[in-house]
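With TSV, C-alpha atoms inside, this is protein-v3.tsv:
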chain	number	residue	atom	x	y	z
A	1	ASP	CA	89.00	62.85	108.37
A	2	ILE	CA	89.71	59.17	107.73
A	3	ASP	CA	88.93	56.15	109.81
A	4	ILE	CA	92.17	54.17	109.44
A	5	SER	CA	90.31	50.99	110.42
A	6	LYS	CA	88.26	51.21	107.17
A	7	GLU	CA	90.14	50.03	104.10
A	8	SER	CA	87.71	49.65	101.19
A	9	ARG	CA	86.10	52.58	99.47
A	10	TRP	CA	83.19	50.47	98.27
A	11	LYS	CA	81.26	48.34	100.76
A	12	ASP	CA	77.67	47.16	101.16
A	13	GLY	CA	76.49	49.00	98.05
A	14	GLY	CA	77.95	52.39	98.87
A	15	ILE	CA	81.07	54.52	98.98
A	16	ARG	CA	82.67	55.07	102.37
A	17	PRO	CA	84.04	58.64	102.28
A	18	ASP	CA	86.18	58.12	105.39
A	19	SER	CA	88.03	55.01	104.13
A	20	VAL	CA	91.75	54.69	103.44
A	21	GLN	CA	91.12	53.94	99.74
A	22	GLN	CA	88.81	56.92	99.28
A	23	ARG	CA	91.40	59.27	100.80
A	24	MET	CA	94.08	57.86	98.50
A	25	ILE	CA	91.79	58.35	95.50
A	26	GLU	CA	91.19	61.97	96.56
A	27	HIS	CA	94.97	62.43	96.77
A	28	LEU	CA	95.40	60.98	93.26
A	29	GLU	CA	92.64	63.23	91.91
A	30	GLU	CA	94.80	66.21	92.84
A	31	GLY	CA	97.55	64.93	90.52
A	32	PRO	CA	98.07	64.35	86.80
A	33	ALA	CA	96.62	60.83	86.45
A	34	THR	CA	94.71	60.32	83.19
A	35	PHE	CA	93.03	57.25	84.70
A	36	ILE	CA	92.12	56.39	88.28
A	37	ILE	CA	90.46	53.00	88.61
A	38	ASP	CA	89.10	51.25	91.72
A	39	ASP	CA	90.11	47.61	91.12
A	40	ASP	CA	89.54	46.55	94.73
A	41	ASP	CA	88.02	43.07	95.05
A	42	THR	CA	88.98	39.43	94.69
A	43	GLY	CA	91.36	38.99	91.74
A	44	GLU	CA	92.47	42.63	91.75
A	45	SER	CA	95.61	43.93	90.09
A	46	ALA	CA	95.77	46.54	92.88
A	47	ASP	CA	93.27	48.38	95.06
A	48	ILE	CA	93.76	51.47	92.92
A	49	VAL	CA	95.32	51.70	89.47
A	50	ALA	CA	96.43	55.17	88.39
A	51	ILE	CA	97.79	55.76	84.90
A	52	GLU	CA	99.53	58.92	83.70
A	53	GLU	CA	99.86	59.42	79.98
A	54	GLU	CA	102.62	61.67	78.69
A	55	ASP	CA	103.76	62.41	75.13
A	56	GLU	CA	106.31	59.59	75.01
A	57	ARG	CA	105.65	57.65	78.20
A	58	ILE	CA	102.90	55.92	80.15
A	59	ILE	CA	103.35	55.56	83.90
A	60	VAL	CA	101.25	52.89	85.64
A	61	TYR	CA	100.88	53.02	89.43
A	62	LEU	CA	99.59	49.98	91.32
A	63	TRP	CA	98.52	51.14	94.78
A	64	HIS	CA	97.77	48.70	97.61
A	65	CYS	CA	95.93	50.07	100.63
A	66	LYS	CA	95.57	48.44	104.00
A	67	TYR	CA	93.58	49.42	107.05
A	68	SER	CA	95.22	49.71	110.44
A	69	SER	CA	94.63	46.97	112.97
A	70	GLY	CA	94.89	49.63	115.70
A	71	GLY	CA	93.02	52.87	116.20
A	72	ALA	CA	96.14	55.03	115.89
A	73	ALA	CA	99.34	54.84	113.89
A	74	GLY	CA	101.85	52.50	115.46
A	75	ASN	CA	104.36	49.88	114.54
A	76	ARG	CA	102.43	46.63	114.13
A	77	VAL	CA	104.16	44.06	111.95
A	78	SER	CA	100.81	42.49	111.01
A	79	ASP	CA	99.88	45.75	109.26
A	80	LEU	CA	102.89	45.32	106.97
A	81	TYR	CA	102.91	41.65	106.02
A	82	GLU	CA	99.68	41.58	104.05
A	83	VAL	CA	100.14	44.85	102.17
A	84	CYS	CA	103.76	44.05	101.29
A	85	GLY	CA	102.65	40.63	100.06
A	86	GLN	CA	100.03	42.27	97.86
A	87	ALA	CA	102.66	44.60	96.42
A	88	GLN	CA	104.96	41.69	95.63
A	89	LYS	CA	102.17	39.64	94.09
A	90	SER	CA	101.06	42.53	91.87
A	91	VAL	CA	104.33	42.77	89.95
A	92	LYS	CA	102.93	40.16	87.55
A	93	TRP	CA	100.70	42.95	86.20
A	94	THR	CA	103.82	44.89	85.15
A	95	TRP	CA	104.81	42.30	82.55
A	96	SER	CA	102.29	43.45	79.93
A	97	LEU	CA	100.23	46.63	79.72
A	98	ARG	CA	97.89	44.91	77.25
A	99	THR	CA	97.16	42.18	79.83
A	100	LEU	CA	96.56	44.75	82.58
A	101	ILE	CA	94.23	46.77	80.37
A	102	LYS	CA	92.36	43.62	79.35
A	103	HIS	CA	91.95	42.81	83.05
A	104	LEU	CA	90.66	46.32	83.85
A	105	ILE	CA	88.20	46.23	80.93
A	106	ASN	CA	86.95	42.82	82.06
A	107	ARG	CA	86.51	44.04	85.63
A	108	GLU	CA	84.56	47.06	84.45
A	109	THR	CA	82.26	45.16	82.12
A	110	LYS	CA	81.75	41.87	83.95
A	111	HIS	CA	82.63	42.36	87.59
A	112	ALA	CA	81.26	45.73	88.66
A	113	ARG	CA	79.64	44.04	91.72
A	114	GLY	CA	76.94	46.66	92.17
A	115	ARG	CA	79.09	49.66	91.30
A	116	ASP	CA	78.04	51.94	88.47
A	117	THR	CA	81.67	52.06	87.38
A	118	ARG	CA	85.16	51.37	88.66
A	119	PHE	CA	86.47	54.48	86.86
A	120	ILE	CA	86.99	57.55	89.00
A	121	ARG	CA	88.80	59.27	86.14
A	122	GLY	CA	88.84	58.10	82.52
A	123	SER	CA	86.52	55.72	80.68
A	124	LEU	CA	86.46	52.36	78.92
A	125	ALA	CA	86.71	54.02	75.51
A	126	GLU	CA	89.70	56.10	76.60
A	127	LEU	CA	91.38	53.01	78.06
A	128	ALA	CA	90.97	51.21	74.72
A	129	THR	CA	92.56	54.22	73.01
A	130	LEU	CA	95.45	54.12	75.49
A	131	ARG	CA	96.01	50.44	74.68
A	132	LYS	CA	96.55	51.36	71.01
A	133	ALA	CA	98.76	54.36	71.84
A	134	ALA	CA	100.91	52.25	74.16
A	135	ARG	CA	102.54	50.53	71.21
A	136	ARG	CA	104.48	53.74	70.52
A	137	LYS	CA	105.36	54.74	74.07
A	138	PHE	CA	107.70	53.72	76.87
A	139	ILE	CA	105.91	52.11	79.81
A	140	ASP	CA	107.02	52.63	83.42
A	141	TYR	CA	105.50	50.79	86.35
A	142	LYS	CA	105.46	51.83	89.98
A	143	VAL	CA	104.11	49.82	92.89
A	144	GLY	CA	103.13	51.44	96.18
A	145	ILE	CA	101.56	50.72	99.52
A	146	VAL	CA	99.37	52.93	101.68
A	147	GLN	CA	99.42	51.97	105.35
A	148	PRO	CA	98.17	54.64	107.74
A	149	GLY	CA	98.75	52.27	110.65
A	150	LEU	CA	102.49	52.38	110.00
A	151	SER	CA	104.33	55.08	111.88
A	152	LYS	CA	107.56	56.41	110.40
A	153	ALA	CA	108.65	57.60	113.84
A	154	GLY	CA	110.71	55.00	115.67
A	155	MET	CA	110.11	52.24	113.14
A	156	PRO	CA	111.67	48.95	114.31
A	157	VAL	CA	114.48	47.40	112.27
A	158	GLU	CA	112.28	44.35	111.60
A	159	HIS	CA	109.74	46.55	109.80
A	160	LEU	CA	112.45	48.28	107.81
A	161	ALA	CA	113.66	44.82	106.74
A	162	ILE	CA	110.17	43.89	105.46
A	163	LEU	CA	109.85	47.18	103.57
A	164	GLY	CA	113.42	46.89	102.27
A	165	SER	CA	113.03	43.37	100.95
A	166	THR	CA	109.71	44.24	99.32
A	167	SER	CA	111.26	47.32	97.75
A	168	ALA	CA	114.26	45.34	96.47
A	169	PHE	CA	111.95	42.77	94.86
A	170	VAL	CA	109.68	45.41	93.31
A	171	GLN	CA	112.68	47.38	92.04
A	172	CYS	CA	114.25	44.27	90.53
A	173	ILE	CA	111.11	43.71	88.42
A	174	THR	CA	109.97	47.29	87.71
A	175	ASP	CA	113.22	49.29	87.96
A	176	SER	CA	111.44	51.55	90.51
A	177	PRO	CA	111.56	51.27	94.30
A	178	LEU	CA	108.46	50.58	96.36
A	179	ALA	CA	106.53	53.75	97.18
A	180	VAL	CA	105.36	53.88	100.81
A	181	ILE	CA	102.73	56.18	102.28
A	182	ALA	CA	102.55	55.95	106.06
A	183	ALA	CA	101.46	58.04	109.04
A	184	ASP	CA	103.45	61.00	110.37
Let me see the structure of the file written as structure tokens.
Amino acid sequence: DIDISKESRWKDGGIRPDSVQQRMIEHLEEGPATFIIDDDDTGESADIVAIEEEDERIIVYLWHCKYSSGGAAGNRVSDLYEVCGQAQKSVKWTWSLRTLIKHLINRETKHARGRDTRFIRGSLAELATLRKAARRKFIDYKVGIVQPGLSKAGMPVEHLAILGSTSAFVQCITDSPLAVIAAD
């Protein structure tokens, strides 16, 4: 039910229900995330930011989605380079939860770009409350990519090397390996 050639959820003033980002958001809505935020656009921290709040811990997920350059899942290196680069670039948002929250608040209030809201779950007021609560909690960060054009079956060694080096970099900064969602 997704068109893997459509990446962005929001385009031309409307939501595309068959996009890669929308399907990922639907997947996240089935889980425990307290916040799900569509940060897709120039200057983003990630396409989708999901935050889980627990009693003693806050877990921040930075998800990067990429469309497929082909109509079916395959092993195209071009599908990996950009999304892995985005994942690597986004680790700067794991240095300070206060900075990330400030960014998300700014995006919601000043850069909605025609959207009613970037929040799928949660609100600005709740995010401000989380910022205060974060002073007394452990913060974990996880970075992930969603690439439906990537096929796990018969993946070439060159692609594994790209994923492996990205994961090593992300893990070095966040203490968590890169999460990868791919086809089959």
ask   = Any idea what the distance is between CA of His111 (chain A) and CA of Leu124 (chain A)?
value =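 Between these atoms lies a distance of 13.8 Å.
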inquiry  = So the first atom is CA of Thr94 (chain A) and the second is CA of Asp79 (chain A); what is the distance between them in Å, to one decimal place?
reply    =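 Result for CA of Thr94 (chain A) versus CA of Asp79 (chain A): 24.4 Å, one decimal.
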query = So how many Å separate CA of Trp63 (chain A) and CA of Ala128 (chain A), to one decimal?
reply =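 Between CA of Trp63 (chain A) and CA of Ala128 (chain A) the gap works out to 21.4 Å.
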Residues of region 11-125 of chain A that approach region 167-179 of chain A to 12 Å or less, counting all atoms listed in the file: could you list each one with the shortest pair of atoms and its distance in Å to one decimal, rows by chain and increasing residue number, as a tab-separated table?
residue	atom	partner	partner_atom	distance
A:Ile59	CA	A:Ser176	CA	11.2
A:Val60	CA	A:Thr174	CA	10.6
A:Tyr61	CA	A:Ala179	CA	9.6
A:Leu62	CA	A:Ala179	CA	9.8
A:Trp63	CA	A:Ala179	CA	8.8
A:His64	CA	A:Ala179	CA	10.1
A:Cys65	CA	A:Ala179	CA	11.7
A:Val83	CA	A:Leu178	CA	11.7
A:Cys84	CA	A:Ser167	CA	8.9
A:Gly85	CA	A:Val170	CA	10.9
A:Gln86	CA	A:Val170	CA	11.1
A:Ala87	CA	A:Val170	CA	7.7
A:Gln88	CA	A:Val170	CA	6.4
A:Lys89	CA	A:Val170	CA	9.5
A:Ser90	CA	A:Val170	CA	9.2
A:Val91	CA	A:Val170	CA	6.8
A:Lys92	CA	A:Ile173	CA	9.0
A:Trp93	CA	A:Thr174	CA	10.3
A:Thr94	CA	A:Thr174	CA	7.1
A:Trp95	CA	A:Ile173	CA	8.7
A:Ser96	CA	A:Thr174	CA	11.6
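Counting all atoms listed in the file, the residue from A:Asp39, A:Asp184, A:Glu30, A:Glu126 that sits nearest to His103 (chain A) is A:Asp39.
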task = List the neighbours of Val146 (chain A) out to 12 Å using all atoms listed in the file; skip same-chain residues closer than 3 positions along the sequence, and give me the result as a ChimeraX atom specification.
result = /A:4,7,19-25,27,46-48,62-68,79-80,82-84,86-87,143,149-151,178-183
